[in-house]
Amino acid sequence: MANVGNYNDHGRESLVLQQKVGYSSVYRIWQELKFYLDVFDNQSSISMKSVAEIYEVWCFLTLRNILIDELGFKEVATKKQELQLKKFFEYQLKDGFAGAFKFERDDGVKARLAHEPRFRKTTKPIRTYSVSQEPDILLEVTFPDDRRFIWLFDAKYRIKTKNSQYDDVNQDIEATDYVPDDAINQMHRYRDALIRVNESKHENGVDKSRPVFGAFALYPGYFNQTKKEDNPYSDTIDEISIGAFALLPSIVQESSKSNNGYQWLLDFLRENIGKRMSSNVSDL
């Protein structure tokens with residue numbers, strides 16, 4: 001092997017592969033993932049990532065793109081993330097809020113998108129009173145009248161279908177993609193565990209509230225979201241603001257743009273962040 005020299009030829013890409021249907025969509029998603037690496041201070045090789053971790057990163061990028069491309073926000077601040085080395089020589093974000101994306105809109109609405117923020121007994125103004133919590137994605141929206149809402153999202157690269165190993169209750173469930181039950185239970189836990197503490201409002205010096213307006217799992221369920229097919233979790237989302245959204249990359253044709261892979265999530269954000277937000281909604 002000592003006689004083998006360095007490879008000096010130019011890298012080549014297959015023209016046959018580039019002409020295949022769907023190549024442009026795959027290439028676009030890969031470019032988005034490389035863009036996310038900029039948040040890691042241009043470290044293009046951080047560590048080996050599983051498909052579940054890549055799906056989580058893609059879900060984060062999809063939310064960012066929805067805010068910019070669909071809801072009219074402009075990105076005003078992006079701070080480089082700090083990394084810390086954990087066991088097995090894998091790097092992770094040191095603080096999810098330190099590198100949060102910040103957005104503003106012409107009507108005065110502001111948004112903040114954070115990846116894996118950590119909440120402990122010592123964090124302020126939002127803390128926990130028992131164990132620490134670390135949701136995958138946090139979206140915080142502040143309106144001009146100082147109303148503030150927080151939605152949490154957790155990416156789950158798992159599906160529960162008919163006769164699935166996760167289905168321990170109803171064996172007659174129809175052949176529809178659902179998120180596992182433990183993922184929905186985790187959404188309840190997030191909303192109940194996080195408490196906002198304001199130390200200046202009440203006479204006793206402490207005002208507490210639950211700031212999480214809704215918590216939702218994101219999972220790779222396959223649906224035709226643009227053909228009036230209903231989200232199987234629409235009832236629970238409307239009633240208790242807990243549920244799930246199917247999220248998959250859309251096959252984008254050259255002549256048109258499709259939101260089929262995230263239409264339900266887009267409709268939800270349009271309804272709640274747009275001008276149709278009800279003025280009588282308060283912290284839970």
# chains A, B, ... in the order shown; residues from 1 in each chain; ligands from 1
>>> residues_around(residues="Pro144 of chain A", least_positions_apart="2", cutoff="9 Å", atoms="only C-alpha atoms", output="list in words")
Asp107, Gly108, Val109, Lys110, Thr142, Asp146 and Arg147 of chain A
>>> atom_distance(atom1="atom CA of Pro135 of chain A", atom2="atom CA of Glu104 of chain A")
23.2 Å
>>> residues_around(residues="Ile242 of chain A", least_positions_apart="6", cutoff="6 Å", atoms="only C-alpha atoms", output="list of chain:residue names")
A:Gly214, A:Ala215, A:Phe216, A:Thr236
>>> write_last_selection(atoms="N, CA, C and O atoms", output="PDB file, in the first residue's frame")
ATOM      1  N   GLY A 214     -49.367  23.823  22.814  1.00  0.00           N
ATOM      2  CA  GLY A 214     -49.638  22.544  22.169  1.00  0.00           C
ATOM      3  C   GLY A 214     -48.353  21.765  21.995  1.00  0.00           C
ATOM      4  O   GLY A 214     -47.264  22.338  21.916  1.00  0.00           O
ATOM      5  N   ALA A 215     -48.473  20.434  21.950  1.00  0.00           N
ATOM      6  CA  ALA A 215     -47.314  19.559  21.755  1.00  0.00           C
ATOM      7  C   ALA A 215     -47.701  18.482  20.750  1.00  0.00           C
ATOM      8  O   ALA A 215     -48.749  17.837  20.893  1.00  0.00           O
ATOM      9  N   PHE A 216     -46.846  18.278  19.751  1.00  0.00           N
ATOM     10  CA  PHE A 216     -47.212  17.415  18.637  1.00  0.00           C
ATOM     11  C   PHE A 216     -46.027  16.559  18.209  1.00  0.00           C
ATOM     12  O   PHE A 216     -44.893  17.037  18.146  1.00  0.00           O
ATOM     13  N   THR A 236     -58.115  15.354  18.311  1.00  0.00           N
ATOM     14  CA  THR A 236     -57.353  15.604  19.539  1.00  0.00           C
ATOM     15  C   THR A 236     -56.608  16.932  19.466  1.00  0.00           C
ATOM     16  O   THR A 236     -56.455  17.612  20.483  1.00  0.00           O
TER      17      THR A 236
END
>>> atom_distance(atom1="atom CA of Glu271 of chain A", atom2="atom CA of Leu71 of chain A")
10.4 Å
>>> atom_distance(atom1="atom CA of Asn260 of chain A", atom2="atom CA of Pro220 of chain A")
12.5 Å
>>> closest_residue(among="A:Lys74, A:Asn185, A:Ile126, A:Lys160", to="Asp106 of chain A", atoms="only C-alpha atoms")
A:Lys74
>>> closest_residue(among="A:Phe60, A:Tyr219, A:Trp264, A:Phe103", to="Glu140 of chain A", atoms="only C-alpha atoms")
A:Phe103
>>> residues_around(residues="Val57 of chain A", least_positions_apart="2", cutoff="9 Å", atoms="only C-alpha atoms", output="number ranges by chain")
A: 33, 36, 52-55, 59-62, 115, 155
>>> write_last_selection(atoms="C-alpha atoms", output="mmCIF file, in the first residue's frame")
data_model
loop_
_atom_site.group_PDB
_atom_site.id
_atom_site.type_symbol
_atom_site.label_atom_id
_atom_site.label_comp_id
_atom_site.auth_asym_id
_atom_site.auth_seq_id
_atom_site.Cartn_x
_atom_site.Cartn_y
_atom_site.Cartn_z
ATOM 1 C CA LEU A 33 -29.193 19.334 5.373
ATOM 2 C CA TYR A 36 -28.095 23.028 8.661
ATOM 3 C CA ALA A 52 -34.011 8.903 12.970
ATOM 4 C CA GLU A 53 -31.601 11.747 13.789
ATOM 5 C CA ILE A 54 -31.492 12.859 10.158
ATOM 6 C CA TYR A 55 -35.296 12.843 10.083
ATOM 7 C CA CYS A 59 -38.281 18.231 10.414
ATOM 8 C CA PHE A 60 -36.526 21.217 11.980
ATOM 9 C CA LEU A 61 -35.576 22.552 8.544
ATOM 10 C CA THR A 62 -39.105 22.038 7.256
ATOM 11 C CA HIS A 115 -33.490 22.727 18.329
ATOM 12 C CA ALA A 155 -39.735 13.881 15.582
#
>>> closest_residue(among="A:Ile237, A:Ile137, A:Leu265, A:Ile195", to="Glu56 of chain A", atoms="only C-alpha atoms")
A:Ile137
>>> residues_around(residues="Val197 of chain A", least_positions_apart="3", cutoff="7 Å", atoms="only C-alpha atoms", output="NGL selection string")
:A and (125-126 or 206-209)
>>> write_last_selection(atoms="all heavy atoms", output="PDB file, in the first residue's frame")
ATOM      1  N   PRO A 125     -37.014  31.650  32.060  1.00  0.00           N
ATOM      2  CA  PRO A 125     -38.150  31.670  32.988  1.00  0.00           C
ATOM      3  C   PRO A 125     -38.959  30.385  32.991  1.00  0.00           C
ATOM      4  O   PRO A 125     -39.865  30.221  33.777  1.00  0.00           O
ATOM      5  CB  PRO A 125     -38.988  32.833  32.465  1.00  0.00           C
ATOM      6  CG  PRO A 125     -38.751  32.808  30.997  1.00  0.00           C
ATOM      7  CD  PRO A 125     -37.326  32.392  30.815  1.00  0.00           C
ATOM      8  N   ILE A 126     -38.646  29.452  32.064  1.00  0.00           N
ATOM      9  CA  ILE A 126     -39.371  28.190  31.999  1.00  0.00           C
ATOM     10  C   ILE A 126     -38.515  27.108  32.636  1.00  0.00           C
ATOM     11  O   ILE A 126     -37.338  26.954  32.292  1.00  0.00           O
ATOM     12  CB  ILE A 126     -39.723  27.825  30.541  1.00  0.00           C
ATOM     13  CG1 ILE A 126     -40.591  28.921  29.912  1.00  0.00           C
ATOM     14  CG2 ILE A 126     -40.438  26.487  30.473  1.00  0.00           C
ATOM     15  CD1 ILE A 126     -40.877  28.700  28.442  1.00  0.00           C
ATOM     16  N   VAL A 206     -44.587  35.372  43.118  1.00  0.00           N
ATOM     17  CA  VAL A 206     -44.421  34.306  42.143  1.00  0.00           C
ATOM     18  C   VAL A 206     -45.719  34.105  41.382  1.00  0.00           C
ATOM     19  O   VAL A 206     -46.789  33.984  41.974  1.00  0.00           O
ATOM     20  CB  VAL A 206     -43.999  32.981  42.821  1.00  0.00           C
ATOM     21  CG1 VAL A 206     -43.900  31.875  41.787  1.00  0.00           C
ATOM     22  CG2 VAL A 206     -42.667  33.150  43.538  1.00  0.00           C
ATOM     23  N   ASP A 207     -45.625  34.089  40.060  1.00  0.00           N
ATOM     24  CA  ASP A 207     -46.762  33.797  39.191  1.00  0.00           C
ATOM     25  C   ASP A 207     -46.361  32.643  38.293  1.00  0.00           C
ATOM     26  O   ASP A 207     -45.359  32.712  37.591  1.00  0.00           O
ATOM     27  CB  ASP A 207     -47.111  35.033  38.362  1.00  0.00           C
ATOM     28  CG  ASP A 207     -48.251  34.736  37.394  1.00  0.00           C
ATOM     29  OD1 ASP A 207     -49.110  33.915  37.751  1.00  0.00           O
ATOM     30  OD2 ASP A 207     -48.257  35.307  36.293  1.00  0.00           O
ATOM     31  N   LYS A 208     -47.142  31.567  38.314  1.00  0.00           N
ATOM     32  CA  LYS A 208     -46.805  30.364  37.560  1.00  0.00           C
ATOM     33  C   LYS A 208     -47.882  30.082  36.514  1.00  0.00           C
ATOM     34  O   LYS A 208     -49.067  30.285  36.774  1.00  0.00           O
ATOM     35  CB  LYS A 208     -46.667  29.156  38.496  1.00  0.00           C
ATOM     36  CG  LYS A 208     -45.596  29.310  39.560  1.00  0.00           C
ATOM     37  CD  LYS A 208     -45.592  28.110  40.495  1.00  0.00           C
ATOM     38  CE  LYS A 208     -44.563  28.292  41.605  1.00  0.00           C
ATOM     39  NZ  LYS A 208     -44.598  27.162  42.570  1.00  0.00           N
ATOM     40  N   SER A 209     -47.464  29.601  35.359  1.00  0.00           N
ATOM     41  CA  SER A 209     -48.394  29.227  34.305  1.00  0.00           C
ATOM     42  C   SER A 209     -47.739  28.162  33.438  1.00  0.00           C
ATOM     43  O   SER A 209     -46.516  27.982  33.471  1.00  0.00           O
ATOM     44  CB  SER A 209     -48.782  30.439  33.452  1.00  0.00           C
ATOM     45  OG  SER A 209     -47.640  30.963  32.788  1.00  0.00           O
TER      46      SER A 209
END
>>> residues_around(residues="segment 64-70 of chain A", least_positions_apart="2", cutoff="10 Å", atoms="only C-alpha atoms", output="ChimeraX atom specification")
/A:32,58-62,72-75,101-105,111-114,139,259,262,265-266,269-270,273
